[in-house]
file model_8.pdb (PDB, C-alpha atoms)
MODEL        1
ATOM      1  CA  MET R   1      -0.770  19.020  16.468  1.00  0.00           C
ATOM      2  CA  ARG R   2       2.772  18.608  15.210  1.00  0.00           C
ATOM      3  CA  SER R   3       3.171  15.580  17.469  1.00  0.00           C
ATOM      4  CA  GLU R   4      -0.003  14.099  15.999  1.00  0.00           C
ATOM      5  CA  ASP R   5       1.297  14.770  12.497  1.00  0.00           C
ATOM      6  CA  GLY R   6       4.469  12.894  13.434  1.00  0.00           C
ATOM      7  CA  VAL R   7       2.391   9.900  14.466  1.00  0.00           C
ATOM      8  CA  LEU R   8       0.369  10.099  11.247  1.00  0.00           C
ATOM      9  CA  THR R   9       3.579  10.367   9.214  1.00  0.00           C
ATOM     10  CA  ASP R  10       4.787   7.194  10.945  1.00  0.00           C
ATOM     11  CA  LEU R  11       1.468   5.560  10.007  1.00  0.00           C
ATOM     12  CA  VAL R  12       2.097   6.428   6.350  1.00  0.00           C
ATOM     13  CA  ALA R  13       5.611   4.968   6.542  1.00  0.00           C
ATOM     14  CA  ARG R  14       4.287   1.755   8.097  1.00  0.00           C
ATOM     15  CA  LEU R  15       1.528   1.463   5.497  1.00  0.00           C
ATOM     16  CA  ARG R  16       4.184   1.722   2.800  1.00  0.00           C
ATOM     17  CA  THR R  17       5.884  -1.396   4.210  1.00  0.00           C
ATOM     18  CA  VAL R  18       2.804  -3.507   3.442  1.00  0.00           C
ATOM     19  CA  HIS R  19       3.132  -5.151   0.038  1.00  0.00           C
ATOM     20  CA  PRO R  20       0.141  -7.282  -0.940  1.00  0.00           C
ATOM     21  CA  THR R  21       0.884  -9.778  -3.693  1.00  0.00           C
ATOM     22  CA  ASP R  22      -2.345  -8.893  -5.466  1.00  0.00           C
ATOM     23  CA  GLY R  23      -1.814  -5.950  -7.848  1.00  0.00           C
ATOM     24  CA  ASP R  24      -5.138  -4.321  -7.027  1.00  0.00           C
ATOM     25  CA  GLY R  25      -4.485  -4.705  -3.311  1.00  0.00           C
ATOM     26  CA  ALA R  26      -1.018  -3.212  -3.652  1.00  0.00           C
ATOM     27  CA  LYS R  27      -2.400  -0.208  -5.526  1.00  0.00           C
ATOM     28  CA  ALA R  28      -5.227   0.231  -3.018  1.00  0.00           C
ATOM     29  CA  ILE R  29      -2.983   0.332   0.044  1.00  0.00           C
ATOM     30  CA  ALA R  30      -0.492   2.589  -1.751  1.00  0.00           C
ATOM     31  CA  ASP R  31      -3.343   4.972  -2.583  1.00  0.00           C
ATOM     32  CA  PHE R  32      -4.585   4.814   1.021  1.00  0.00           C
ATOM     33  CA  ALA R  33      -1.103   5.725   2.268  1.00  0.00           C
ATOM     34  CA  THR R  34      -0.879   8.558  -0.256  1.00  0.00           C
ATOM     35  CA  ASP R  35      -4.241   9.924   0.874  1.00  0.00           C
ATOM     36  CA  TRP R  36      -2.990   9.936   4.466  1.00  0.00           C
ATOM     37  CA  GLN R  37       0.185  11.660   3.299  1.00  0.00           C
ATOM     38  CA  HIS R  38      -1.884  14.349   1.570  1.00  0.00           C
ATOM     39  CA  LEU R  39      -4.040  14.849   4.663  1.00  0.00           C
ATOM     40  CA  VAL R  40      -0.937  15.227   6.856  1.00  0.00           C
ATOM     41  CA  ALA R  41       0.421  17.798   4.372  1.00  0.00           C
ATOM     42  CA  ALA R  42      -2.875  19.715   4.596  1.00  0.00           C
ATOM     43  CA  ARG R  43      -2.626  19.654   8.392  1.00  0.00           C
ATOM     44  CA  SER R  44       0.947  20.977   8.155  1.00  0.00           C
ATOM     45  CA  ARG R  45      -0.233  23.817   5.916  1.00  0.00           C
ATOM     46  CA  TYR R  46      -2.873  24.608   8.534  1.00  0.00           C
ATOM     47  CA  VAL R  47      -0.172  24.831  11.232  1.00  0.00           C
ATOM     48  CA  ALA R  48       1.891  27.143   9.009  1.00  0.00           C
ATOM     49  CA  THR R  49      -1.161  29.359   8.545  1.00  0.00           C
ATOM     50  CA  VAL R  50      -1.758  29.514  12.291  1.00  0.00           C
ATOM     51  CA  LEU R  51       1.887  30.325  12.957  1.00  0.00           C
ATOM     52  CA  SER R  52       1.779  33.086  10.342  1.00  0.00           C
ATOM     53  CA  GLY R  53      -0.748  34.893  12.509  1.00  0.00           C
ATOM     54  CA  ALA R  54      -3.718  34.433  10.215  1.00  0.00           C
ATOM     55  CA  THR R  55      -6.932  35.188  12.048  1.00  0.00           C
ATOM     56  CA  THR R  56      -9.111  32.650  10.260  1.00  0.00           C
ATOM     57  CA  PRO R  57      -7.044  29.525   9.578  1.00  0.00           C
ATOM     58  CA  LYS R  58      -8.904  26.708   7.869  1.00  0.00           C
ATOM     59  CA  LEU R  59      -8.010  23.105   7.173  1.00  0.00           C
ATOM     60  CA  TYR R  60      -8.449  22.426   3.476  1.00  0.00           C
ATOM     61  CA  VAL R  61      -8.913  18.686   3.036  1.00  0.00           C
ATOM     62  CA  PRO R  62      -7.688  17.558  -0.391  1.00  0.00           C
ATOM     63  CA  VAL R  63     -10.327  16.296  -2.800  1.00  0.00           C
ATOM     64  CA  ASP R  64     -10.387  13.324  -5.129  1.00  0.00           C
ATOM     65  CA  PRO R  65     -10.900  13.617  -8.907  1.00  0.00           C
ATOM     66  CA  ALA R  66     -14.677  13.663  -8.352  1.00  0.00           C
ATOM     67  CA  GLY R  67     -14.346  16.672  -6.050  1.00  0.00           C
ATOM     68  CA  LYS R  68     -15.119  14.768  -2.822  1.00  0.00           C
ATOM     69  CA  PRO R  69     -12.889  15.037   0.269  1.00  0.00           C
ATOM     70  CA  ILE R  70     -10.302  12.250   0.246  1.00  0.00           C
ATOM     71  CA  THR R  71     -11.302  11.420   3.797  1.00  0.00           C
ATOM     72  CA  ILE R  72     -14.472   9.804   2.427  1.00  0.00           C
ATOM     73  CA  ARG R  73     -12.590   7.223   0.377  1.00  0.00           C
ATOM     74  CA  MET R  74     -10.040   6.820   3.185  1.00  0.00           C
ATOM     75  CA  ARG R  75     -12.856   5.906   5.594  1.00  0.00           C
ATOM     76  CA  GLU R  76     -14.439   3.562   3.038  1.00  0.00           C
ATOM     77  CA  TYR R  77     -11.137   1.758   2.377  1.00  0.00           C
ATOM     78  CA  ALA R  78     -10.385   1.366   6.080  1.00  0.00           C
ATOM     79  CA  GLU R  79     -13.863   0.084   6.879  1.00  0.00           C
ATOM     80  CA  ILE R  80     -13.928  -2.382   3.959  1.00  0.00           C
ATOM     81  CA  HIS R  81     -10.604  -3.823   5.108  1.00  0.00           C
ATOM     82  CA  HIS R  82     -11.535  -3.847   8.807  1.00  0.00           C
ATOM     83  CA  LEU R  83      -8.964  -1.155   9.629  1.00  0.00           C
ATOM     84  CA  THR R  84     -11.383   0.846  11.742  1.00  0.00           C
ATOM     85  CA  ALA R  85      -8.536   2.142  13.917  1.00  0.00           C
ATOM     86  CA  CYS R  86      -7.063   3.768  10.784  1.00  0.00           C
ATOM     87  CA  THR R  87     -10.084   5.765   9.646  1.00  0.00           C
ATOM     88  CA  PRO R  88      -9.802   9.556   9.536  1.00  0.00           C
ATOM     89  CA  ASN R  89     -12.578   9.636  12.145  1.00  0.00           C
ATOM     90  CA  ALA R  90     -10.811   7.267  14.543  1.00  0.00           C
ATOM     91  CA  LEU R  91      -7.501   9.105  14.210  1.00  0.00           C
ATOM     92  CA  GLN R  92      -9.273  12.465  14.032  1.00  0.00           C
ATOM     93  CA  GLY R  93      -7.297  13.485  10.979  1.00  0.00           C
ATOM     94  CA  GLU R  94      -9.616  16.387  10.272  1.00  0.00           C
ATOM     95  CA  VAL R  95      -9.565  17.689  13.851  1.00  0.00           C
ATOM     96  CA  VAL R  96      -7.102  20.550  14.100  1.00  0.00           C
ATOM     97  CA  GLU R  97      -8.550  22.568  16.984  1.00  0.00           C
ATOM     98  CA  GLY R  98      -9.872  21.746  20.389  1.00  0.00           C
ATOM     99  CA  PRO R  99      -9.619  18.574  22.408  1.00  0.00           C
ATOM    100  CA  ARG R 100      -9.492  15.181  20.805  1.00  0.00           C
ATOM    101  CA  THR R 101     -11.051  12.048  22.189  1.00  0.00           C
ATOM    102  CA  TYR R 102      -9.394   8.901  20.937  1.00  0.00           C
ATOM    103  CA  PRO R 103     -11.070   5.535  21.467  1.00  0.00           C
ATOM    104  CA  ALA R 104      -9.351   3.047  23.734  1.00  0.00           C
ATOM    105  CA  ALA R 105      -7.165   0.496  22.004  1.00  0.00           C
ATOM    106  CA  PRO R 106      -8.732  -2.984  21.772  1.00  0.00           C
TER
ENDMDL
END
call {"tool": "encode", "arguments": {"input": "model_8.pdb", "output": "structure tokens"}}
result
Amino acid sequence: MRSEDGVLTDLVARLRTVHPTDGDGAKAIADFATDWQHLVAARSRYVATVLSGATTPKLYVPVDPAGKPITIRMREYAEIHHLTACTPNALQGEVVEGPRTYPAAP
């Protein structure tokens, strides 16, 4: 999982290099990158819990101001902008246990 978090951290860094000229677009991609950053931090907290010997570790996905998991708006943003390879589902950002099945690259 730490290796996956490294890849996701690289994704965040690469997203932060995209600078749309439109103000709304710039804010939207910055927010998308921040949501990914928060999800990676939650995954890291999960790893720390596992390593502490806790018997019932749980991934706590951050929520937005409305109380919904941020992964919902992350998916919506990615789908609206045809970034389907960057959705939490495609990258399995919420999967912290068991095998992962990633789709083949186009």
call {"tool": "resolve_selection", "arguments": {"input": "model_8.pdb", "expression": "the PyMOL selection byres ((chain R and resi 47) around 10)", "output": "list in words"}}
result
Met1, Arg2, Ala41, Ala42, Arg43, Ser44, Arg45, Tyr46, Ala48, Thr49, Val50, Leu51, Ser52, Pro57, Lys58, Leu59 and Val96 of chain R
call {"tool": "residues_around", "arguments": {"input": "model_8.pdb", "residues": "region 29-31 of chain R", "least_positions_apart": "5", "cutoff": "8 Å", "atoms": "all atoms listed in the file", "output": "NGL selection string"}}
result
:R and (15-16 or 18)
call {"tool": "atom_distance", "arguments": {"input": "model_8.pdb", "atom1": "CA of Tyr77 (chain R)", "atom2": "CA of Ala28 (chain R)"}}
result
8.1 Å
call {"tool": "residues_around", "arguments": {"input": "model_8.pdb", "residues": "Thr9 (chain R)", "least_positions_apart": "4", "cutoff": "8 Å", "atoms": "only C-alpha atoms", "output": "VMD selection string"}}
result
chain R and resid 5 13 37 40
call {"tool": "atom_distance", "arguments": {"input": "model_8.pdb", "atom1": "CA of Lys68 (chain R)", "atom2": "CA of Asp22 (chain R)"}}
result
27.0 Å
call {"tool": "resolve_selection", "arguments": {"input": "model_8.pdb", "expression": "the PyMOL selection byres ((chain R and resi 62) around 12)", "output": "ChimeraX atom specification"}}
result
/R:34-43,45,59-61,63-74,94
call {"tool": "atom_distance", "arguments": {"input": "model_8.pdb", "atom1": "CA of Val12 (chain R)", "atom2": "CA of Ala33 (chain R)"}}
result
5.2 Å
call {"tool": "resolve_selection", "arguments": {"input": "model_8.pdb", "expression": "the PyMOL selection byres ((chain R and resi 91) around 12)", "output": "ChimeraX atom specification"}}
result
/R:4-5,7-8,11,36,39-40,71,74-75,78,83-90,92-96,100-105
call {"tool": "axis_aligned_box", "arguments": {"input": "model_8.pdb", "around": "region 79-90 of chain R", "padding_each_side": "6 Å", "output": "AutoDock Vina command-line options"}}
result
--center_x -10.5 --center_y 2.9 --center_z 9.3 --size_x 18.9 --size_y 25.5 --size_z 22.6
call {"tool": "decode", "arguments": {"input": "model_8.pdb", "residues": "region 42-74 of chain R", "atoms": "N, CA and C atoms", "output": "PDB file, in the first residue's frame"}}
result
ATOM      1  N   ALA R  42      -5.310   9.957   4.403  1.00  0.00           N
ATOM      2  CA  ALA R  42      -6.190   9.019   5.120  1.00  0.00           C
ATOM      3  C   ALA R  42      -5.660   7.591   4.974  1.00  0.00           C
ATOM      4  N   ARG R  43      -5.175   7.255   3.790  1.00  0.00           N
ATOM      5  CA  ARG R  43      -4.606   5.928   3.565  1.00  0.00           C
ATOM      6  C   ARG R  43      -3.359   5.747   4.433  1.00  0.00           C
ATOM      7  N   SER R  44      -2.552   6.786   4.558  1.00  0.00           N
ATOM      8  CA  SER R  44      -1.344   6.713   5.385  1.00  0.00           C
ATOM      9  C   SER R  44      -1.703   6.525   6.863  1.00  0.00           C
ATOM     10  N   ARG R  45      -2.763   7.184   7.289  1.00  0.00           N
ATOM     11  CA  ARG R  45      -3.227   6.993   8.679  1.00  0.00           C
ATOM     12  C   ARG R  45      -3.693   5.556   8.879  1.00  0.00           C
ATOM     13  N   TYR R  46      -4.332   4.986   7.869  1.00  0.00           N
ATOM     14  CA  TYR R  46      -4.756   3.592   7.941  1.00  0.00           C
ATOM     15  C   TYR R  46      -3.539   2.680   8.127  1.00  0.00           C
ATOM     16  N   VAL R  47      -2.495   2.909   7.337  1.00  0.00           N
ATOM     17  CA  VAL R  47      -1.271   2.098   7.451  1.00  0.00           C
ATOM     18  C   VAL R  47      -0.705   2.221   8.854  1.00  0.00           C
ATOM     19  N   ALA R  48      -0.654   3.438   9.388  1.00  0.00           N
ATOM     20  CA  ALA R  48      -0.121   3.641  10.743  1.00  0.00           C
ATOM     21  C   ALA R  48      -0.945   2.870  11.765  1.00  0.00           C
ATOM     22  N   THR R  49      -2.251   2.830  11.569  1.00  0.00           N
ATOM     23  CA  THR R  49      -3.125   2.089  12.477  1.00  0.00           C
ATOM     24  C   THR R  49      -2.834   0.598  12.396  1.00  0.00           C
ATOM     25  N   VAL R  50      -2.671   0.097  11.188  1.00  0.00           N
ATOM     26  CA  VAL R  50      -2.348  -1.327  11.012  1.00  0.00           C
ATOM     27  C   VAL R  50      -1.020  -1.650  11.691  1.00  0.00           C
ATOM     28  N   LEU R  51      -0.024  -0.805  11.456  1.00  0.00           N
ATOM     29  CA  LEU R  51       1.300  -1.058  12.015  1.00  0.00           C
ATOM     30  C   LEU R  51       1.330  -0.929  13.537  1.00  0.00           C
ATOM     31  N   SER R  52       0.350  -0.216  14.094  1.00  0.00           N
ATOM     32  CA  SER R  52       0.284  -0.080  15.549  1.00  0.00           C
ATOM     33  C   SER R  52      -0.255  -1.341  16.212  1.00  0.00           C
ATOM     34  N   GLY R  53      -0.765  -2.256  15.394  1.00  0.00           N
ATOM     35  CA  GLY R  53      -1.295  -3.502  15.927  1.00  0.00           C
ATOM     36  C   GLY R  53      -2.780  -3.464  16.210  1.00  0.00           C
ATOM     37  N   ALA R  54      -3.443  -2.423  15.785  1.00  0.00           N
ATOM     38  CA  ALA R  54      -4.890  -2.333  15.999  1.00  0.00           C
ATOM     39  C   ALA R  54      -5.575  -3.520  15.329  1.00  0.00           C
ATOM     40  N   THR R  55      -6.572  -4.052  15.992  1.00  0.00           N
ATOM     41  CA  THR R  55      -7.236  -5.243  15.461  1.00  0.00           C
ATOM     42  C   THR R  55      -8.345  -4.913  14.470  1.00  0.00           C
ATOM     43  N   THR R  56      -8.847  -3.704  14.492  1.00  0.00           N
ATOM     44  CA  THR R  56      -9.924  -3.348  13.571  1.00  0.00           C
ATOM     45  C   THR R  56      -9.613  -2.027  12.866  1.00  0.00           C
ATOM     46  N   PRO R  57      -8.561  -2.001  12.041  1.00  0.00           N
ATOM     47  CA  PRO R  57      -8.253  -0.757  11.335  1.00  0.00           C
ATOM     48  C   PRO R  57      -9.363  -0.425  10.349  1.00  0.00           C
ATOM     49  N   LYS R  58      -9.574   0.849  10.129  1.00  0.00           N
ATOM     50  CA  LYS R  58     -10.617   1.295   9.209  1.00  0.00           C
ATOM     51  C   LYS R  58     -10.103   2.514   8.461  1.00  0.00           C
ATOM     52  N   LEU R  59     -10.388   2.553   7.171  1.00  0.00           N
ATOM     53  CA  LEU R  59     -10.051   3.724   6.372  1.00  0.00           C
ATOM     54  C   LEU R  59     -11.169   4.740   6.552  1.00  0.00           C
ATOM     55  N   TYR R  60     -10.817   5.900   7.040  1.00  0.00           N
ATOM     56  CA  TYR R  60     -11.781   6.988   7.192  1.00  0.00           C
ATOM     57  C   TYR R  60     -11.572   7.966   6.051  1.00  0.00           C
ATOM     58  N   VAL R  61     -12.477   7.928   5.075  1.00  0.00           N
ATOM     59  CA  VAL R  61     -12.393   8.821   3.926  1.00  0.00           C
ATOM     60  C   VAL R  61     -12.867  10.206   4.373  1.00  0.00           C
ATOM     61  N   PRO R  62     -12.054  11.234   4.105  1.00  0.00           N
ATOM     62  CA  PRO R  62     -12.476  12.591   4.477  1.00  0.00           C
ATOM     63  C   PRO R  62     -13.804  12.952   3.819  1.00  0.00           C
ATOM     64  N   VAL R  63     -14.515  13.870   4.443  1.00  0.00           N
ATOM     65  CA  VAL R  63     -15.808  14.309   3.922  1.00  0.00           C
ATOM     66  C   VAL R  63     -15.726  15.773   3.514  1.00  0.00           C
ATOM     67  N   ASP R  64     -16.634  16.142   2.616  1.00  0.00           N
ATOM     68  CA  ASP R  64     -16.710  17.533   2.174  1.00  0.00           C
ATOM     69  C   ASP R  64     -17.574  18.323   3.156  1.00  0.00           C
ATOM     70  N   PRO R  65     -17.729  19.622   2.952  1.00  0.00           N
ATOM     71  CA  PRO R  65     -18.533  20.422   3.891  1.00  0.00           C
ATOM     72  C   PRO R  65     -19.976  19.945   4.060  1.00  0.00           C
ATOM     73  N   ALA R  66     -20.498  19.225   3.059  1.00  0.00           N
ATOM     74  CA  ALA R  66     -21.865  18.713   3.147  1.00  0.00           C
ATOM     75  C   ALA R  66     -21.920  17.367   3.870  1.00  0.00           C
ATOM     76  N   GLY R  67     -20.752  16.850   4.260  1.00  0.00           N
ATOM     77  CA  GLY R  67     -20.718  15.583   4.980  1.00  0.00           C
ATOM     78  C   GLY R  67     -20.631  14.359   4.091  1.00  0.00           C
ATOM     79  N   LYS R  68     -20.421  14.560   2.777  1.00  0.00           N
ATOM     80  CA  LYS R  68     -20.302  13.435   1.841  1.00  0.00           C
ATOM     81  C   LYS R  68     -18.824  13.086   1.652  1.00  0.00           C
ATOM     82  N   PRO R  69     -18.508  11.814   1.426  1.00  0.00           N
ATOM     83  CA  PRO R  69     -17.115  11.438   1.163  1.00  0.00           C
ATOM     84  C   PRO R  69     -16.552  12.228  -0.016  1.00  0.00           C
ATOM     85  N   ILE R  70     -15.325  12.709   0.122  1.00  0.00           N
ATOM     86  CA  ILE R  70     -14.723  13.496  -0.958  1.00  0.00           C
ATOM     87  C   ILE R  70     -14.566  12.683  -2.230  1.00  0.00           C
ATOM     88  N   THR R  71     -14.554  11.379  -2.108  1.00  0.00           N
ATOM     89  CA  THR R  71     -14.398  10.539  -3.293  1.00  0.00           C
ATOM     90  C   THR R  71     -15.567  10.694  -4.265  1.00  0.00           C
ATOM     91  N   ILE R  72     -16.712  11.135  -3.775  1.00  0.00           N
ATOM     92  CA  ILE R  72     -17.857  11.365  -4.668  1.00  0.00           C
ATOM     93  C   ILE R  72     -17.558  12.532  -5.588  1.00  0.00           C
ATOM     94  N   ARG R  73     -17.125  13.662  -5.016  1.00  0.00           N
ATOM     95  CA  ARG R  73     -16.844  14.813  -5.887  1.00  0.00           C
ATOM     96  C   ARG R  73     -15.592  14.582  -6.720  1.00  0.00           C
ATOM     97  N   MET R  74     -14.641  13.785  -6.221  1.00  0.00           N
ATOM     98  CA  MET R  74     -13.463  13.447  -7.008  1.00  0.00           C
ATOM     99  C   MET R  74     -13.879  12.675  -8.260  1.00  0.00           C
TER     100      MET R  74
END
